[in-house]
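Remarks on the structure that follows.
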Amino acid sequence: MLLSMRQVLDEAAKGGYGVGAFNVNNLEQIQAIMEAARATKSPVIIQASRGARAYANDRFLYHIMIAATEIYPEIPTVLHLDHGNGFDTCKSAIDTGFTSVMMDGSLMPDGKTPSTFEYNVDVTRKVVEAAHAKGVTVEGEIGVLGGIEDGHGAGGTGLEHVTDPEQAAKFVEATGVDALAIAIGTSHGAYKFSRKPDGAVLKMDRLIEIHNRLPKVHLVMHGSSSVPQDLQDIINKYGGKLRPTWGVPVEEIQLGIRNGVRKINVDTDNRLAITGAIRKVFFETPEKFDPRDYMKPAREAMQKVVALRMTQFGQAGHAGDYAALPLAAMAERYAAQPVA
Ligand code: G3H
Ligand code: 13P
Ligand code: ZN
């Protein structure tokens, strides 16, 4: 049985640890995460973006996830929609069987243009109503993700879109979200920072302020790949062309976890690990053409990264702490405490 993300995050808050949310698009990525979870005894959040759903098809994704729960019954496993861009996207995920959805109303439905606070509250609240009726968890976002160094890609100081703690408090109150993604200067992809980030570009002080203002809210860090040098080196050694770049240091994520961060989104590190492993096989043994010859090392490379993050985030060892509550029980719980 897939379980709600709310339950996993509540347990993480009790235990004082974070839970990695890893993006998937195919069978091998799901296998890599589940194997890492078994090896480290970790609860897991597996997430699919709109792009992943279009690439793999919901039915394939859902049934592979059900297979995962059959093969790894000891692992609490969540299926989460990453960056839903509107009510219909979230609703179709709920209808498919996702146990958690992100309504990213920080952006308009085009997924690019920053929205207004009113739009964000309105669309997120509607998703919360539909999701909670089925016991499904909702993550919202306030502030807009993006790098500070480059002025958020649009001129300015880059600080305009960093999350405001008062606005975050109003947003949580008005929407009833279960988890809150905040913007503190991280961005998606490999090119986050042009040097090791300091407090000018990675606003951990702001994260701590938000946590102090909302101590009971589960915070989510997006764009949290660490972009390790060794993974960059493997790609470049075998013919790749990555420019020098820095990600979010694991110690900063751990500081976040000590200050209310319960979900940490990681995709890029796994993409780097997979690509490096495949490049190596192609470079060293160009005569090979059986997909298993490169997909197996790719899957192993991803498993290694995921297991390391599970240990670093503190979720390792917690798979057996609790029994999964059915979504119907979560729905009853929400019905007993409606949003004001
Ligand atoms: O949101 C960012 C994740 O890395 C997913 O990326 O939209 O290319 O699937 P994607
Ligand atoms: P990365 O690109 O840093 O892995 O971030 C992934 C993410 O935030 C998915 O929502
Ligand atoms: Zn994200």
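Just remember, in the structure tokens the first chain shown is A, the second B, etc., residues are 1-based per chain, and ligands are 1-based in the order shown.
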
Check your understanding: What's the 8 Å shell around range 47-52 of chain A, counting only C-alpha atoms, without same-chain residues fewer than 3 positions away, as JSON, numbers by chain?
Key -> {"A": [21, 22, 23, 24, 25, 55, 56, 57, 79, 80, 81, 82, 83, 84]}

Save out the residues we just selected, all heavy atoms, as an mmCIF file, in the first residue's frame.
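So selection.cif came out as:
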```cif
data_model
loop_
_atom_site.group_PDB
_atom_site.id
_atom_site.type_symbol
_atom_site.label_atom_id
_atom_site.label_comp_id
_atom_site.auth_asym_id
_atom_site.auth_seq_id
_atom_site.Cartn_x
_atom_site.Cartn_y
_atom_site.Cartn_z
ATOM 1 N N ALA A 21 13.194 13.314 -1.461
ATOM 2 C CA ALA A 21 12.143 13.053 -2.457
ATOM 3 C C ALA A 21 12.869 12.997 -3.793
ATOM 4 O O ALA A 21 13.428 13.999 -4.253
ATOM 5 C CB ALA A 21 11.099 14.148 -2.444
ATOM 6 N N PHE A 22 12.892 11.805 -4.365
ATOM 7 C CA PHE A 22 13.707 11.574 -5.559
ATOM 8 C C PHE A 22 12.806 11.461 -6.793
ATOM 9 O O PHE A 22 11.792 10.761 -6.767
ATOM 10 C CB PHE A 22 14.529 10.288 -5.370
ATOM 11 C CG PHE A 22 15.397 10.346 -4.132
ATOM 12 C CD1 PHE A 22 15.023 9.689 -2.959
ATOM 13 C CD2 PHE A 22 16.561 11.096 -4.116
ATOM 14 C CE1 PHE A 22 15.802 9.756 -1.810
ATOM 15 C CE2 PHE A 22 17.353 11.175 -2.972
ATOM 16 C CZ PHE A 22 16.973 10.506 -1.813
ATOM 17 N N ASN A 23 13.204 12.143 -7.860
ATOM 18 C CA ASN A 23 12.404 12.135 -9.090
ATOM 19 C C ASN A 23 12.648 10.864 -9.887
ATOM 20 O O ASN A 23 13.775 10.354 -9.939
ATOM 21 C CB ASN A 23 12.765 13.338 -9.955
ATOM 22 C CG ASN A 23 12.234 14.627 -9.378
ATOM 23 O OD1 ASN A 23 12.774 15.153 -8.409
ATOM 24 N ND2 ASN A 23 11.153 15.129 -9.936
ATOM 25 N N VAL A 24 11.569 10.397 -10.515
ATOM 26 C CA VAL A 24 11.686 9.211 -11.374
ATOM 27 C C VAL A 24 10.982 9.425 -12.705
ATOM 28 O O VAL A 24 10.031 10.204 -12.805
ATOM 29 C CB VAL A 24 11.089 7.947 -10.709
ATOM 30 C CG1 VAL A 24 11.800 7.622 -9.417
ATOM 31 C CG2 VAL A 24 9.583 8.087 -10.489
ATOM 32 N N ASN A 25 11.473 8.698 -13.693
ATOM 33 C CA ASN A 25 10.859 8.689 -15.023
ATOM 34 C C ASN A 25 10.712 7.281 -15.565
ATOM 35 O O ASN A 25 10.070 7.075 -16.592
ATOM 36 C CB ASN A 25 11.725 9.474 -16.018
ATOM 37 C CG ASN A 25 11.877 10.929 -15.614
ATOM 38 O OD1 ASN A 25 11.063 11.753 -15.985
ATOM 39 N ND2 ASN A 25 12.896 11.239 -14.822
ATOM 40 N N TYR A 55 6.302 11.421 -20.146
ATOM 41 C CA TYR A 55 7.323 10.516 -20.697
ATOM 42 C C TYR A 55 6.936 9.053 -20.488
ATOM 43 O O TYR A 55 7.038 8.235 -21.398
ATOM 44 C CB TYR A 55 8.663 10.806 -20.015
ATOM 45 C CG TYR A 55 9.780 9.855 -20.362
ATOM 46 C CD1 TYR A 55 10.503 10.001 -21.540
ATOM 47 C CD2 TYR A 55 10.122 8.802 -19.506
ATOM 48 C CE1 TYR A 55 11.526 9.121 -21.861
ATOM 49 C CE2 TYR A 55 11.135 7.922 -19.810
ATOM 50 C CZ TYR A 55 11.847 8.081 -20.991
ATOM 51 O OH TYR A 55 12.850 7.211 -21.311
ATOM 52 N N ALA A 56 6.506 8.746 -19.243
ATOM 53 C CA ALA A 56 6.327 7.332 -18.893
ATOM 54 C C ALA A 56 4.895 6.842 -19.029
ATOM 55 O O ALA A 56 4.675 5.631 -19.178
ATOM 56 C CB ALA A 56 6.795 7.102 -17.458
ATOM 57 N N ASN A 57 3.939 7.746 -18.929
ATOM 58 C CA ASN A 57 2.504 7.422 -18.881
ATOM 59 C C ASN A 57 2.117 7.061 -17.434
ATOM 60 O O ASN A 57 2.735 6.222 -16.793
ATOM 61 C CB ASN A 57 2.159 6.263 -19.847
ATOM 62 C CG ASN A 57 0.659 5.957 -19.868
ATOM 63 O OD1 ASN A 57 0.075 5.662 -18.841
ATOM 64 N ND2 ASN A 57 0.055 6.041 -21.027
ATOM 65 N N LEU A 79 3.937 8.095 -3.305
ATOM 66 C CA LEU A 79 4.011 8.532 -4.704
ATOM 67 C C LEU A 79 3.478 9.959 -4.773
ATOM 68 O O LEU A 79 2.302 10.215 -4.494
ATOM 69 C CB LEU A 79 3.187 7.603 -5.617
ATOM 70 C CG LEU A 79 3.117 8.034 -7.089
ATOM 71 C CD1 LEU A 79 4.511 8.140 -7.712
ATOM 72 C CD2 LEU A 79 2.257 7.052 -7.897
ATOM 73 N N HIS A 80 4.367 10.882 -5.148
ATOM 74 C CA HIS A 80 4.073 12.321 -5.058
ATOM 75 C C HIS A 80 4.183 12.971 -6.434
ATOM 76 O O HIS A 80 5.084 12.653 -7.219
ATOM 77 C CB HIS A 80 5.102 12.937 -4.087
ATOM 78 C CG HIS A 80 5.080 14.424 -3.992
ATOM 79 N ND1 HIS A 80 4.134 15.110 -3.267
ATOM 80 C CD2 HIS A 80 5.912 15.366 -4.501
ATOM 81 C CE1 HIS A 80 4.368 16.414 -3.341
ATOM 82 N NE2 HIS A 80 5.442 16.595 -4.092
ATOM 83 N N LEU A 81 3.257 13.914 -6.701
ATOM 84 C CA LEU A 81 3.344 14.721 -7.925
ATOM 85 C C LEU A 81 4.234 15.926 -7.646
ATOM 86 O O LEU A 81 3.966 16.710 -6.726
ATOM 87 C CB LEU A 81 1.945 15.210 -8.327
ATOM 88 C CG LEU A 81 1.927 16.312 -9.409
ATOM 89 C CD1 LEU A 81 2.402 15.783 -10.758
ATOM 90 C CD2 LEU A 81 0.527 16.923 -9.539
ATOM 91 N N ASP A 82 5.276 16.094 -8.447
ATOM 92 C CA ASP A 82 6.210 17.210 -8.281
ATOM 93 C C ASP A 82 5.758 18.376 -9.179
ATOM 94 O O ASP A 82 5.508 18.181 -10.379
ATOM 95 C CB ASP A 82 7.605 16.718 -8.711
ATOM 96 C CG ASP A 82 8.717 17.672 -8.327
ATOM 97 O OD1 ASP A 82 8.540 18.453 -7.376
ATOM 98 O OD2 ASP A 82 9.791 17.599 -8.980
ATOM 99 N N HIS A 83 5.646 19.569 -8.601
ATOM 100 C CA HIS A 83 5.316 20.789 -9.369
ATOM 101 C C HIS A 83 4.055 20.693 -10.232
ATOM 102 O O HIS A 83 4.101 20.980 -11.440
ATOM 103 C CB HIS A 83 6.498 21.227 -10.240
ATOM 104 C CG HIS A 83 7.682 21.694 -9.445
ATOM 105 N ND1 HIS A 83 7.715 22.917 -8.827
ATOM 106 C CD2 HIS A 83 8.848 21.073 -9.146
ATOM 107 C CE1 HIS A 83 8.862 23.044 -8.180
ATOM 108 N NE2 HIS A 83 9.571 21.940 -8.348
ATOM 109 N N GLY A 84 2.934 20.313 -9.619
ATOM 110 C CA GLY A 84 1.661 20.428 -10.326
ATOM 111 C C GLY A 84 1.436 21.892 -10.685
ATOM 112 O O GLY A 84 1.740 22.782 -9.888
#
```

Practice item. Would you mind listing the residues within 6 Å of ligand 2, counting only C-alpha atoms and all ligand atoms, as a VMD selection string? Key: chain A and resid 82 188 to 189 222 to 225 265 to 269

Practice item. Write down as a PyMOL selection string the residues of range 103-287 of chain A whose backbone DSSP state falls under strand (DSSP E). Key: chain A and resi 103+137-142+179-182+218-221+261-266

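The protein and nucleic acid residues lying at most 7 Å from Thr99 in chain A are Leu2, Leu3, Ser4, Met5, Val78, Leu79, His80, Ile94, Val136 and Thr137 of chain A, with only C-alpha atoms considered and sequence neighbours fewer than 3 positions away removed.
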
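Distance-wise, CA of Ile64 in chain A and CA of Asn26 in chain A end up 8.7 Å apart.
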
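Using only C-alpha atoms, the contacts of Phe117 in chain A at a cut-off of 8 Å, with sequence neighbours closer than 3 positions omitted, comprise A:Ser106, A:Asn120, A:Val121.
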
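Atom to atom, CA of Lys14 in chain A and CA of Gly105 in chain A stand 28.4 Å apart.
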
Check your understanding: Using only C-alpha atoms, which of the listed residues (A:Val306, A:Ala301, A:Ile148, A:Val44) sits closest to Leu9 in chain A?
Key -> A:Val44

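You can rank A:Met204, A:Leu107, A:Leu242, A:Ala316 by their closest distance to ligand 3 using only C-alpha atoms and all ligand atoms, and at the top of that list sits A:Leu107.
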
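Our summary of the geometry notes that CA of Val144 in chain A is positioned 21.2 Å from CA of Leu255 in chain A.
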
If you take only C-alpha atoms and a cut-off of 8 Å, which residues of range 59-136 of chain A touch range 176-183 of chain A, and what are their nearest atom pairs and distances in Å to one decimal, in chain and number order, as a tab-separated table?
```
residue	atom	partner	partner_atom	distance
A:Thr124	CA	A:Val177	CA	7.9
A:Arg125	CA	A:Gly176	CA	7.1
A:Val128	CA	A:Val177	CA	6.5
```
